[in-house]
$ cat coords00.cif   # mmCIF, C-alpha atoms and all ligand atoms
data_work
loop_
_atom_site.label_atom_id
_atom_site.label_comp_id
_atom_site.auth_asym_id
_atom_site.auth_seq_id
_atom_site.Cartn_x
_atom_site.Cartn_y
_atom_site.Cartn_z
CA MET F 28 -30.56 18.03 -20.26
CA SER F 29 -29.85 21.78 -20.47
CA GLY F 30 -26.59 23.37 -19.29
CA ALA F 31 -28.47 24.96 -16.36
CA GLU F 32 -29.88 21.58 -15.28
CA ILE F 33 -26.42 20.02 -15.45
CA ASP F 34 -25.05 22.89 -13.32
CA ARG F 35 -27.75 22.22 -10.69
CA GLU F 36 -27.43 18.45 -10.76
CA TRP F 37 -23.76 17.54 -11.00
CA ARG F 38 -22.78 18.06 -7.34
CA ARG F 39 -25.37 15.56 -6.12
CA ARG F 40 -24.17 13.03 -8.71
CA ALA F 41 -20.51 13.62 -7.80
CA ALA F 42 -21.35 13.03 -4.12
CA GLU F 43 -23.12 9.78 -5.09
CA LEU F 44 -20.06 8.70 -7.08
CA VAL F 45 -17.87 9.30 -4.03
CA GLY F 46 -20.31 7.24 -1.93
CA SER F 47 -20.17 4.36 -4.39
CA LEU F 48 -16.35 4.39 -4.53
CA ARG F 49 -16.23 4.28 -0.74
CA ARG F 50 -18.70 1.39 -0.58
CA LYS F 51 -16.56 -0.53 -3.09
CA GLY F 52 -13.57 0.02 -0.79
CA ARG F 53 -11.72 1.96 -3.52
CA LEU F 54 -11.64 5.38 -1.79
CA SER F 55 -10.88 6.01 1.86
CA ASP F 56 -8.74 9.18 1.98
CA GLU F 57 -10.91 12.15 3.04
CA ARG F 58 -8.96 14.73 1.05
CA LEU F 59 -9.17 12.63 -2.07
CA ALA F 60 -12.90 12.09 -1.50
CA ALA F 61 -13.32 15.88 -1.29
CA ALA F 62 -11.42 16.29 -4.57
CA PHE F 63 -13.70 13.79 -6.35
CA ALA F 64 -16.75 15.55 -4.89
CA GLU F 65 -15.58 18.99 -6.01
CA VAL F 66 -14.09 18.45 -9.47
CA PRO F 67 -16.80 18.44 -12.17
CA ARG F 68 -16.02 15.44 -14.39
CA HIS F 69 -18.57 16.58 -16.98
CA LEU F 70 -16.45 19.65 -17.81
CA PHE F 71 -13.59 17.32 -18.78
CA VAL F 72 -15.82 14.91 -20.70
CA PRO F 73 -18.32 17.06 -22.59
CA GLU F 74 -18.92 14.04 -24.83
CA PHE F 75 -17.86 10.42 -25.04
CA LEU F 76 -18.23 7.48 -27.41
CA ARG F 77 -21.12 5.07 -26.84
CA LEU F 78 -19.97 1.46 -27.13
CA GLU F 79 -21.95 -1.50 -28.32
CA VAL F 80 -20.56 -4.84 -27.15
CA ASP F 81 -21.52 -7.87 -29.24
CA ALA F 82 -21.98 -11.48 -28.02
CA SER F 83 -18.28 -12.26 -28.45
CA GLY F 84 -17.28 -9.25 -26.33
CA PHE F 85 -16.14 -7.12 -29.28
CA ALA F 86 -16.89 -3.42 -28.69
CA ALA F 87 -17.76 -1.05 -31.52
CA VAL F 88 -18.54 2.67 -31.42
CA ASP F 89 -22.27 3.31 -31.57
CA GLY F 90 -22.48 7.11 -31.64
CA VAL F 91 -21.52 9.98 -29.40
CA VAL F 92 -23.12 10.79 -26.05
CA ASP F 93 -23.22 14.45 -25.02
CA GLY F 94 -25.18 16.71 -22.66
CA THR F 95 -28.28 16.39 -24.82
CA SER F 96 -28.44 12.58 -24.34
CA PRO F 97 -30.64 11.35 -21.47
CA GLU F 98 -27.93 8.99 -20.16
CA TYR F 99 -25.11 11.60 -20.24
CA LEU F 100 -24.96 12.88 -16.66
CA ASP F 101 -25.68 9.53 -14.99
CA THR F 102 -22.90 7.89 -17.00
CA VAL F 103 -20.38 10.68 -16.44
CA TYR F 104 -20.88 10.40 -12.67
CA SER F 105 -20.75 6.59 -12.62
CA ASP F 106 -17.70 4.43 -12.05
CA GLN F 107 -17.04 3.87 -15.73
CA ALA F 108 -14.20 4.59 -18.12
CA LEU F 109 -15.47 6.95 -20.83
CA MET F 110 -13.89 6.50 -24.24
CA THR F 111 -13.14 9.81 -25.90
CA GLN F 112 -10.91 9.04 -28.89
CA THR F 113 -10.02 6.24 -31.31
CA LYS F 114 -7.06 6.07 -33.70
CA PRO F 115 -5.97 3.44 -36.24
CA VAL F 116 -3.29 0.81 -35.74
CA ARG F 117 -0.18 1.56 -37.82
CA GLY F 118 -0.41 -0.24 -41.15
CA GLN F 119 -4.15 -1.02 -40.71
CA PRO F 120 -5.97 2.17 -41.76
CA GLU F 121 -9.41 0.56 -41.35
CA SER F 122 -8.83 -0.51 -37.75
CA TYR F 123 -9.83 1.74 -34.88
CA VAL F 124 -8.62 1.23 -31.34
CA TRP F 125 -9.22 3.28 -28.17
CA SER F 126 -6.54 5.91 -27.85
CA SER F 127 -7.88 8.12 -25.07
CA SER F 128 -10.49 8.05 -22.34
CA SER F 129 -11.36 9.35 -18.92
CA SER F 130 -10.25 6.42 -16.75
CA MET F 131 -12.53 4.60 -14.30
CA PRO F 132 -12.80 6.78 -11.18
CA SER F 133 -12.26 3.77 -8.87
CA VAL F 134 -9.00 2.92 -10.65
CA MET F 135 -7.88 6.58 -10.51
CA ALA F 136 -8.66 6.71 -6.79
CA ASP F 137 -6.90 3.44 -6.14
CA MET F 138 -3.78 4.56 -7.91
CA ILE F 139 -3.64 7.92 -6.15
CA GLU F 140 -4.17 6.30 -2.73
CA GLU F 141 -1.47 3.73 -3.48
CA LEU F 142 0.97 6.61 -4.03
CA GLU F 143 0.34 8.06 -0.54
CA LEU F 144 0.50 11.62 -1.82
CA ALA F 145 1.17 14.20 0.87
CA PRO F 146 1.18 18.00 0.81
CA GLY F 147 4.53 19.36 -0.39
CA MET F 148 5.12 16.51 -2.85
CA ARG F 149 5.56 17.13 -6.55
CA VAL F 150 3.74 14.71 -8.80
CA LEU F 151 3.94 13.96 -12.51
CA GLU F 152 1.14 12.28 -14.42
CA SER F 153 1.81 10.72 -17.82
CA GLY F 154 -1.37 10.56 -19.94
CA THR F 155 -3.25 13.85 -19.47
CA GLY F 156 -6.16 12.68 -21.66
CA THR F 157 -9.24 14.72 -20.74
CA GLY F 158 -7.43 16.44 -17.83
CA TYR F 159 -9.82 15.05 -15.18
CA ASN F 160 -7.17 13.10 -13.24
CA ALA F 161 -4.82 16.08 -13.44
CA ALA F 162 -7.61 18.25 -12.00
CA ILE F 163 -8.05 15.81 -9.08
CA LEU F 164 -4.29 15.97 -8.45
CA CYS F 165 -4.33 19.79 -8.63
CA ARG F 166 -7.24 19.91 -6.17
CA LEU F 167 -5.32 17.58 -3.85
CA LEU F 168 -1.81 19.08 -3.93
CA GLY F 169 -2.22 22.53 -5.51
CA ASP F 170 -1.53 23.05 -9.19
CA ALA F 171 2.05 24.25 -8.62
CA ALA F 172 2.86 20.70 -7.48
CA VAL F 173 1.45 18.98 -10.58
CA THR F 174 2.97 18.31 -14.00
CA THR F 175 1.08 16.40 -16.64
CA VAL F 176 2.31 15.14 -20.01
CA GLU F 177 0.41 13.80 -23.00
CA ILE F 178 1.63 12.41 -26.32
CA ASP F 179 -1.27 13.84 -28.32
CA PRO F 180 -0.92 17.63 -28.66
CA ASP F 181 -4.62 18.11 -29.53
CA LEU F 182 -5.72 16.31 -26.37
CA LEU F 183 -3.21 18.25 -24.30
CA ARG F 184 -4.44 21.59 -25.65
CA SER F 185 -8.09 20.82 -24.80
CA ALA F 186 -7.19 19.48 -21.36
CA VAL F 187 -5.10 22.54 -20.53
CA GLU F 188 -8.02 24.80 -21.52
CA ARG F 189 -10.47 22.85 -19.36
CA LEU F 190 -8.08 22.89 -16.41
CA ALA F 191 -7.51 26.64 -16.82
CA ALA F 192 -11.29 27.24 -16.88
CA LEU F 193 -11.36 25.83 -13.32
CA GLY F 194 -8.32 27.88 -12.29
CA PHE F 195 -5.79 25.02 -12.48
CA GLN F 196 -2.51 25.63 -14.28
CA PRO F 197 -0.39 22.50 -13.88
CA SER F 198 2.90 22.45 -15.73
CA THR F 199 3.20 20.45 -18.94
CA LYS F 200 6.99 20.73 -19.08
CA PRO F 201 8.75 18.18 -16.86
CA VAL F 202 11.87 19.27 -15.00
CA PRO F 203 14.51 16.52 -14.52
CA GLY F 204 15.18 15.34 -10.97
CA SER F 205 12.02 17.01 -9.60
CA TYR F 206 9.22 14.57 -8.83
CA ASP F 207 8.38 12.65 -5.67
CA ARG F 208 5.70 10.62 -7.41
CA ILE F 209 5.14 9.59 -11.03
CA LEU F 210 1.99 7.82 -12.15
CA SER F 211 0.75 6.92 -15.59
CA THR F 212 -2.78 6.51 -16.80
CA HIS F 213 -1.58 4.47 -19.77
CA ALA F 214 0.14 1.10 -19.66
CA VAL F 215 3.81 0.66 -20.59
CA ASP F 216 5.86 -2.30 -21.82
CA ASP F 217 9.04 -0.88 -20.31
CA VAL F 218 9.58 2.11 -18.06
CA PRO F 219 10.25 5.23 -20.17
CA ALA F 220 13.83 6.39 -19.51
CA GLU F 221 12.57 9.98 -19.02
CA TRP F 222 10.62 8.92 -15.93
CA ILE F 223 13.83 7.79 -14.24
CA ALA F 224 15.46 11.11 -15.23
CA TRP F 225 12.47 13.20 -14.08
CA ALA F 226 12.15 11.50 -10.65
CA ARG F 227 14.14 12.41 -7.52
CA PRO F 228 16.05 9.81 -5.51
CA GLY F 229 13.52 8.03 -3.28
CA ALA F 230 10.62 8.90 -5.60
CA VAL F 231 7.88 6.35 -6.25
CA ILE F 232 6.69 5.40 -9.74
CA LEU F 233 3.40 3.55 -10.21
CA THR F 234 2.33 2.22 -13.59
CA ASP F 235 0.52 -0.57 -15.36
CA LEU F 236 2.96 -2.94 -17.10
CA ARG F 237 1.66 -5.09 -19.95
CA PRO F 238 2.42 -6.17 -23.51
CA PRO F 239 1.05 -3.67 -26.04
CA SER F 240 -2.76 -3.82 -26.32
CA ASN F 241 -3.00 -6.86 -24.07
CA THR F 242 -5.78 -6.83 -21.50
CA GLN F 243 -5.11 -10.40 -20.29
CA ILE F 244 -1.55 -10.25 -19.07
CA GLY F 245 -0.16 -7.48 -16.93
CA ALA F 246 0.55 -6.14 -13.47
CA TRP F 247 0.90 -2.83 -11.72
CA VAL F 248 4.49 -2.05 -10.89
CA LYS F 249 5.58 0.14 -8.00
CA LEU F 250 9.18 1.30 -8.11
CA VAL F 251 11.42 3.36 -5.88
CA ILE F 252 14.23 5.42 -7.42
CA GLU F 253 17.59 4.42 -5.93
CA ALA F 254 19.74 6.93 -4.00
CA ASP F 255 21.98 7.56 -7.04
CA GLY F 256 18.90 8.64 -9.03
CA ASN F 257 19.92 6.46 -11.98
CA CYS F 258 17.86 3.32 -11.58
CA ALA F 259 14.88 1.93 -9.71
CA SER F 260 13.72 -1.27 -8.08
CA GLY F 261 10.43 -2.52 -6.76
CA ARG F 262 7.63 -5.04 -6.89
CA LEU F 263 4.69 -6.05 -9.01
CA MET F 264 1.15 -5.80 -7.71
CA THR F 265 -1.96 -7.63 -8.90
CA PRO F 266 -3.52 -5.06 -11.27
CA ARG F 267 -6.56 -3.30 -9.84
CA GLY F 268 -7.60 -2.16 -13.31
CA TYR F 269 -5.85 -1.94 -16.63
CA PHE F 270 -5.04 0.99 -18.87
CA MET F 271 -4.78 1.45 -22.62
CA SER F 272 -1.25 0.99 -23.93
CA ALA F 273 1.22 3.84 -24.36
CA ARG F 274 1.32 5.22 -27.86
CA LYS F 275 4.64 5.62 -29.61
CA VAL F 276 3.30 8.45 -31.81
CA PRO F 277 0.14 10.57 -31.64
CA GLU F 278 -1.13 9.39 -35.05
CA TYR F 279 -1.64 5.72 -34.11
CA ALA F 280 -3.22 3.94 -31.18
CA ASP F 281 -0.89 1.00 -31.59
CA ASP F 282 2.28 0.34 -33.52
CA GLY F 283 0.97 -3.02 -34.71
CA GLN F 284 3.03 -6.12 -35.05
CA ARG F 285 5.94 -5.78 -37.43
CA GLN F 286 6.15 -8.82 -39.67
CA PRO F 287 8.65 -9.09 -42.49
CA GLU F 288 7.12 -8.58 -45.95
CA LEU F 289 7.38 -12.02 -47.58
CA THR F 290 7.38 -12.71 -51.30
CA LEU F 291 5.14 -15.43 -52.70
CA GLU F 292 8.23 -17.61 -53.22
CA GLU F 293 9.25 -17.13 -49.61
CA HIS F 294 5.75 -18.11 -48.44
CA GLN F 295 5.98 -21.22 -50.60
CA ARG F 296 9.44 -22.08 -49.31
CA ARG F 297 8.26 -21.66 -45.73
CA ALA F 298 5.17 -23.81 -46.21
CA GLU F 299 7.43 -26.56 -47.52
CA SER F 300 9.80 -26.20 -44.60
CA MET F 301 7.08 -26.51 -41.91
CA MET F 302 8.36 -28.81 -39.16
CA THR F 303 6.39 -30.76 -36.57
CA ARG F 304 7.45 -32.30 -33.30
CA GLY F 305 6.06 -33.51 -29.99
CA SER F 306 6.42 -31.71 -26.66
CA ALA F 307 5.85 -32.67 -23.05
CA LEU F 308 4.69 -29.12 -22.43
CA ALA F 309 0.98 -28.50 -23.15
CA PRO F 310 -0.38 -25.16 -24.49
CA GLU F 311 -2.35 -24.82 -21.22
CA VAL F 312 0.90 -23.55 -19.68
CA PHE F 313 -0.23 -20.13 -20.95
CA ASP F 314 -3.47 -20.36 -18.95
CA ASP F 315 -1.32 -19.38 -15.97
CA GLU F 316 -1.23 -15.58 -16.39
CA ALA F 317 1.83 -15.27 -14.16
CA PHE F 318 3.75 -17.61 -16.45
CA GLY F 319 2.50 -15.65 -19.48
CA LEU F 320 3.81 -12.45 -17.91
CA TYR F 321 7.16 -14.05 -17.08
CA PHE F 322 7.52 -15.49 -20.59
CA TRP F 323 6.79 -12.06 -22.09
CA ARG F 324 9.49 -10.42 -19.92
CA CYS F 325 11.98 -13.14 -20.89
CA ARG F 326 11.11 -13.05 -24.62
CA PRO F 327 9.59 -9.60 -25.31
CA GLY F 328 9.91 -10.11 -29.10
CA VAL F 329 7.64 -13.18 -29.12
CA TRP F 330 3.89 -12.61 -29.37
CA PHE F 331 1.54 -15.36 -28.20
CA TRP F 332 -2.17 -15.91 -27.95
CA ARG F 333 -4.27 -18.78 -26.64
CA HIS F 334 -7.25 -19.92 -28.65
CA ASP F 335 -9.34 -23.09 -28.48
CA ARG F 336 -6.92 -25.86 -27.47
CA GLU F 337 -3.84 -24.24 -28.98
CA VAL F 338 -1.37 -21.45 -28.49
CA THR F 339 0.17 -19.57 -31.42
CA LEU F 340 3.49 -17.74 -31.22
CA THR F 341 5.11 -15.37 -33.70
CA ALA F 342 8.32 -13.36 -33.67
CA ASP F 343 9.61 -10.30 -35.51
CA ASP F 344 11.89 -12.46 -37.70
CA GLY F 345 8.83 -14.26 -39.09
CA ALA F 346 9.23 -17.40 -36.94
CA TRP F 347 5.86 -19.01 -36.16
CA ALA F 348 4.79 -21.92 -33.97
CA GLN F 349 1.51 -23.47 -32.96
CA ALA F 350 1.33 -25.90 -30.06
CA GLY F 351 -1.77 -28.03 -29.58
CA PRO F 352 -2.88 -31.44 -28.35
CA ASP F 353 -1.22 -33.10 -31.38
CA GLY F 354 2.19 -31.50 -30.92
CA VAL F 355 3.99 -28.46 -32.27
CA ARG F 356 4.05 -27.13 -35.85
CA MET F 357 6.62 -24.49 -36.62
CA LEU F 358 8.38 -22.34 -39.17
CA GLY F 359 11.76 -20.72 -38.70
CA ARG F 360 13.50 -20.86 -35.32
CA ASP F 361 11.92 -23.18 -32.76
CA LEU F 362 9.82 -20.78 -30.66
CA TRP F 363 8.29 -23.58 -28.62
CA SER F 364 11.72 -24.63 -27.36
CA GLU F 365 12.02 -21.08 -26.00
CA VAL F 366 8.77 -21.61 -24.10
CA GLU F 367 10.14 -24.94 -22.78
CA GLU F 368 13.33 -23.23 -21.59
CA VAL F 369 11.50 -20.40 -19.83
CA PHE F 370 9.09 -22.91 -18.28
CA ALA F 371 11.95 -25.01 -16.90
CA ASP F 372 13.43 -21.89 -15.30
CA TRP F 373 9.97 -20.94 -13.96
CA GLN F 374 9.57 -24.35 -12.36
CA ARG F 375 13.07 -24.30 -10.84
CA ALA F 376 12.06 -21.07 -9.11
CA GLY F 377 8.89 -22.74 -7.77
CA ALA F 378 6.41 -20.75 -9.95
CA PRO F 379 6.33 -17.81 -7.51
CA PRO F 380 3.35 -15.39 -7.44
CA ILE F 381 4.01 -12.06 -9.19
CA THR F 382 4.00 -10.18 -5.89
CA GLU F 383 7.24 -11.98 -4.95
CA TRP F 384 9.16 -11.13 -8.12
CA ILE F 385 11.93 -8.56 -7.87
CA VAL F 386 11.87 -5.79 -10.45
CA ARG F 387 14.90 -3.73 -11.45
CA VAL F 388 14.84 -0.85 -13.90
CA ALA F 389 18.01 0.52 -15.49
CA ALA F 390 18.61 4.17 -16.41
CA ASP F 391 17.47 3.43 -19.98
CA GLY F 392 14.13 2.20 -18.62
CA HIS F 393 14.71 -1.48 -19.36
CA LEU F 394 12.79 -3.49 -16.78
CA ALA F 395 14.22 -6.84 -15.70
CA ILE F 396 12.52 -9.46 -13.56
CA GLU F 397 14.34 -11.66 -11.05
CA LEU F 398 12.47 -14.59 -9.60
CA PRO F 399 13.13 -15.27 -5.91
CA ARG F 400 15.14 -18.49 -5.52
C1 LIG X 1 -6.68 6.47 -20.16
S1 LIG X 1 -6.21 7.88 -21.05
C2 LIG X 1 -5.91 9.11 -19.85
C3 LIG X 1 -6.86 9.43 -18.81
C4 LIG X 1 -6.59 10.79 -18.24
N1 LIG X 1 -5.61 10.78 -17.18
C5 LIG X 1 -7.88 11.45 -17.81
O1 LIG X 1 -8.06 11.68 -16.63
O2 LIG X 1 -8.68 11.74 -18.70
C6 LIG X 1 -4.52 7.54 -21.50
C7 LIG X 1 -3.85 8.70 -22.13
O3 LIG X 1 -2.47 8.43 -22.25
C8 LIG X 1 -2.02 9.07 -23.41
N2 LIG X 1 -0.75 8.48 -23.82
C9 LIG X 1 -0.55 7.35 -24.53
N3 LIG X 1 0.75 7.12 -24.72
C10 LIG X 1 1.40 8.13 -24.11
C11 LIG X 1 2.78 8.43 -23.96
N4 LIG X 1 3.72 7.65 -24.49
N5 LIG X 1 3.11 9.54 -23.27
C12 LIG X 1 2.14 10.35 -22.74
N6 LIG X 1 0.83 10.12 -22.88
C13 LIG X 1 0.45 9.01 -23.53
C14 LIG X 1 -3.13 8.84 -24.40
O4 LIG X 1 -3.06 9.72 -25.50
C15 LIG X 1 -4.35 9.03 -23.53
O5 LIG X 1 -4.81 10.33 -23.57
#
$ encode --input "coords00.cif" --output "structure tokens"
Amino acid sequence: MSGAEIDREWRRRAAELVGSLRRKGRLSDERLAAAFAEVPRHLFVPEFLRLEVDASGFAAVDGVVDGTSPEYLDTVYSDQALMTQTKPVRGQPESYVWSSSSSMPSVMADMIEELELAPGMRVLESGTGTGYNAAILCRLLGDAAVTTVEIDPDLLRSAVERLAALGFQPSTKPVPGSYDRILSTHAVDDVPAEWIAWARPGAVILTDLRPPSNTQIGAWVKLVIEADGNCASGRLMTPRGYFMSARKVPEYADDGQRQPELTLEEHQRRAESMMTRGSALAPEVFDDEAFGLYFWRCRPGVWFWRHDREVTLTADDGAWAQAGPDGVRMLGRDLWSEVEEVFADWQRAGAPPITEWIVRVAADGHLAIELPR
């Protein structure tokens, strides 16, 4: 498709996208609908990565789609996330993981509506990416009300140029104590302390909370900054979409799991010290996503994954456990007993749904969960 054809066509496609978001019940605010109809997504996503998903659900990059590809404009104005960048996982130079995208329009709309933005409010977005969401916010509130931050300086530079080409000049330099609303288009595993410092008392923060690179377990969290401006409290919401995890540095998509480097002798010693025991608690306990989320908040240093009829756990100190139908095998500290402890606490509280949990965030961003009792 030529540039002239795209110029003629995009408004009709943008209007169709708005119609589809409305029909899905993900967009009801008229001003937001006008912003989606008027901001050209294709200018923020001049190209994206085509994904091929194999039978086991694993997605690999299968080329780049740009304005010359027949599917380009239809895809750009559809309710899809468009992957725009991959980066390796730290310590695994061959691995490539999504590190930036233009988020799904329905999820963007949902998040913005949930924040009940009103004229006069100042909003900060974390995760500028392509700049498309920032452009929607600028169209909605005026660019003087919008600040957007991005960990990757190359992405930020391109986004700022694209925004400027449409006449939007949001700030990229947050001012402490200034914002009425903060939203992130990346997931976090704790609330960044800067967000608490940047927000005003009474401000609302909305973000996706999940363990790094985990698409199974997570929740949206909506927080209100307390009157003293130093901490926040709020509630979890069932996630209405998930986001890629926050990066710690621009060079890597994911920090990877830090395991101690073990010598051959240490491996040998550990294999000989493998312990086994029985447990009344079955691995299926982790099929309850709410329990998985609670366990993660109680033991953030323990990684776990369910597979076949087992669950495997590992910790930064090298402890390892596998629980299955025949009992528990373990090395190092007894990680399964930690699951048993958290489960007992979970049951005492009556296994409450995540929407009833109480969330408190300290000034350093640490997020603590209290179960209602
Ligand atoms: C889903 S993409 C952003 C979508 C974007 N809002 C848009 O409309 O194109 C998530 C973005 O968050 C950025 N990001 C990741 N970790 C971050 C962090 N710690 N601080 C700021 N931005 C971060 C990524 O580089 C990526 O560009």
$ closest_atom_pairs --input "coords00.cif" --of "chain F" --to "ligand LIG 1 (chain X)" --cutoff "9 Å" --atoms "all atoms listed in the file" --output "tab-separated table"
residue	atom	partner	partner_atom	distance
F:Phe71	CA	X:LIG1	O2	7.4
F:Val72	CA	X:LIG1	O2	8.1
F:Ala108	CA	X:LIG1	C1	8.0
F:Leu109	CA	X:LIG1	O2	8.6
F:Met110	CA	X:LIG1	C1	8.3
F:Thr111	CA	X:LIG1	O5	8.7
F:Gln112	CA	X:LIG1	O5	8.2
F:Trp125	CA	X:LIG1	C15	8.8
F:Ser126	CA	X:LIG1	C14	5.7
F:Ser127	CA	X:LIG1	C15	4.0
F:Ser128	CA	X:LIG1	S1	4.5
F:Ser129	CA	X:LIG1	O2	3.6
F:Ser130	CA	X:LIG1	C1	4.9
F:Met131	CA	X:LIG1	C1	8.5
F:Pro132	CA	X:LIG1	O1	8.7
F:Met135	CA	X:LIG1	O1	8.0
F:Glu152	CA	X:LIG1	N1	7.4
F:Ser153	CA	X:LIG1	C12	4.9
F:Gly154	CA	X:LIG1	O3	3.3
F:Thr155	CA	X:LIG1	N1	4.5
F:Gly156	CA	X:LIG1	O5	3.3
F:Thr157	CA	X:LIG1	O2	3.7
F:Gly158	CA	X:LIG1	O2	4.9
F:Tyr159	CA	X:LIG1	O1	4.1
F:Asn160	CA	X:LIG1	O1	3.8
F:Ala161	CA	X:LIG1	O1	6.3
F:Ala162	CA	X:LIG1	O1	8.1
F:Ile163	CA	X:LIG1	O1	8.6
F:Thr175	CA	X:LIG1	C12	8.7
F:Val176	CA	X:LIG1	C12	5.5
F:Glu177	CA	X:LIG1	N6	3.7
F:Ile178	CA	X:LIG1	C12	4.2
F:Asp179	CA	X:LIG1	O4	5.3
F:Pro180	CA	X:LIG1	O4	8.8
F:Leu182	CA	X:LIG1	O5	6.7
F:Leu183	CA	X:LIG1	O5	8.1
F:Ala186	CA	X:LIG1	O2	8.3
F:Ser211	CA	X:LIG1	O3	7.6
F:Thr212	CA	X:LIG1	C2	5.1
F:His213	CA	X:LIG1	C6	4.6
F:Ala214	CA	X:LIG1	N3	7.9
F:Val215	CA	X:LIG1	N4	8.0
F:Pro219	CA	X:LIG1	N4	8.2
F:Phe270	CA	X:LIG1	C1	5.9
F:Met271	CA	X:LIG1	C1	5.9
F:Ser272	CA	X:LIG1	C9	6.4
F:Ala273	CA	X:LIG1	N3	3.3
F:Arg274	CA	X:LIG1	N3	3.7
F:Lys275	CA	X:LIG1	N4	5.6
F:Val276	CA	X:LIG1	N4	7.4
F:Pro277	CA	X:LIG1	O4	7.0
F:Ala280	CA	X:LIG1	C9	7.9
$ residues_around --input "coords00.cif" --residues "F:Glu43" --least-positions-apart "5" --cutoff "9 Å" --atoms "all atoms listed in the file" --output "list in words"
Arg38, Leu48, Ala64, Tyr104 and Ser105 of chain F
$ closest_residue --input "coords00.cif" --among "F:Trp373, F:Tyr279, F:Tyr123, F:Trp222" --to "F:Thr234" --atoms "only C-alpha atoms"
F:Trp222
$ residues_near_point --input "coords00.cif" --point "(7.1, -16.1, -36.3)" --cutoff "10 Å" --atoms "only C-alpha atoms" --output "ChimeraX atom specification"
/F:286-287,328-331,339-349,357-362
$ atom_distance --input "coords00.cif" --atom1 "atom CA of F:Met302" --atom2 "atom CA of F:Ser364"
13.0 Å
$ atom_distance --input "coords00.cif" --atom1 "atom CA of F:Gly319" --atom2 "atom CA of F:Arg375"
16.2 Å
$ build_atoms --input "coords00.cif" --residues "stretch 208-222 of chain F" --atoms "N, CA and C atoms" --output "short mmCIF file (atom, residue, chain, number, x, y, z; two decimals), in the coordinates of the input"
data_model
loop_
_atom_site.label_atom_id
_atom_site.label_comp_id
_atom_site.auth_asym_id
_atom_site.auth_seq_id
_atom_site.Cartn_x
_atom_site.Cartn_y
_atom_site.Cartn_z
N ARG F 208 6.60 11.69 -6.97
CA ARG F 208 5.70 10.62 -7.41
C ARG F 208 5.48 10.76 -8.92
N ILE F 209 5.50 9.60 -9.61
CA ILE F 209 5.14 9.59 -11.03
C ILE F 209 4.09 8.50 -11.22
N LEU F 210 2.98 8.85 -11.84
CA LEU F 210 1.99 7.82 -12.15
C LEU F 210 1.60 7.94 -13.62
N SER F 211 1.19 6.84 -14.20
CA SER F 211 0.75 6.92 -15.59
C SER F 211 -0.65 6.37 -15.68
N THR F 212 -1.43 7.01 -16.55
CA THR F 212 -2.78 6.51 -16.80
C THR F 212 -2.83 5.83 -18.17
N HIS F 213 -1.65 5.38 -18.63
CA HIS F 213 -1.58 4.47 -19.77
C HIS F 213 -0.64 3.36 -19.34
N ALA F 214 -0.76 2.21 -20.00
CA ALA F 214 0.14 1.10 -19.66
C ALA F 214 1.46 1.26 -20.40
N VAL F 215 2.51 0.63 -19.91
CA VAL F 215 3.81 0.66 -20.59
C VAL F 215 4.32 -0.78 -20.73
N ASP F 216 5.24 -0.96 -21.71
CA ASP F 216 5.86 -2.30 -21.82
C ASP F 216 7.30 -2.27 -21.34
N ASP F 217 7.78 -1.09 -21.00
CA ASP F 217 9.04 -0.88 -20.31
C ASP F 217 8.89 0.48 -19.66
N VAL F 218 9.73 0.80 -18.71
CA VAL F 218 9.58 2.11 -18.06
C VAL F 218 10.26 3.15 -18.94
N PRO F 219 9.57 4.22 -19.35
CA PRO F 219 10.25 5.23 -20.17
C PRO F 219 11.46 5.80 -19.42
N ALA F 220 12.59 5.91 -20.15
CA ALA F 220 13.83 6.39 -19.51
C ALA F 220 13.63 7.78 -18.91
N GLU F 221 12.77 8.61 -19.54
CA GLU F 221 12.57 9.98 -19.02
C GLU F 221 12.04 9.95 -17.58
N TRP F 222 11.20 8.94 -17.28
CA TRP F 222 10.62 8.92 -15.93
C TRP F 222 11.72 8.80 -14.88
#
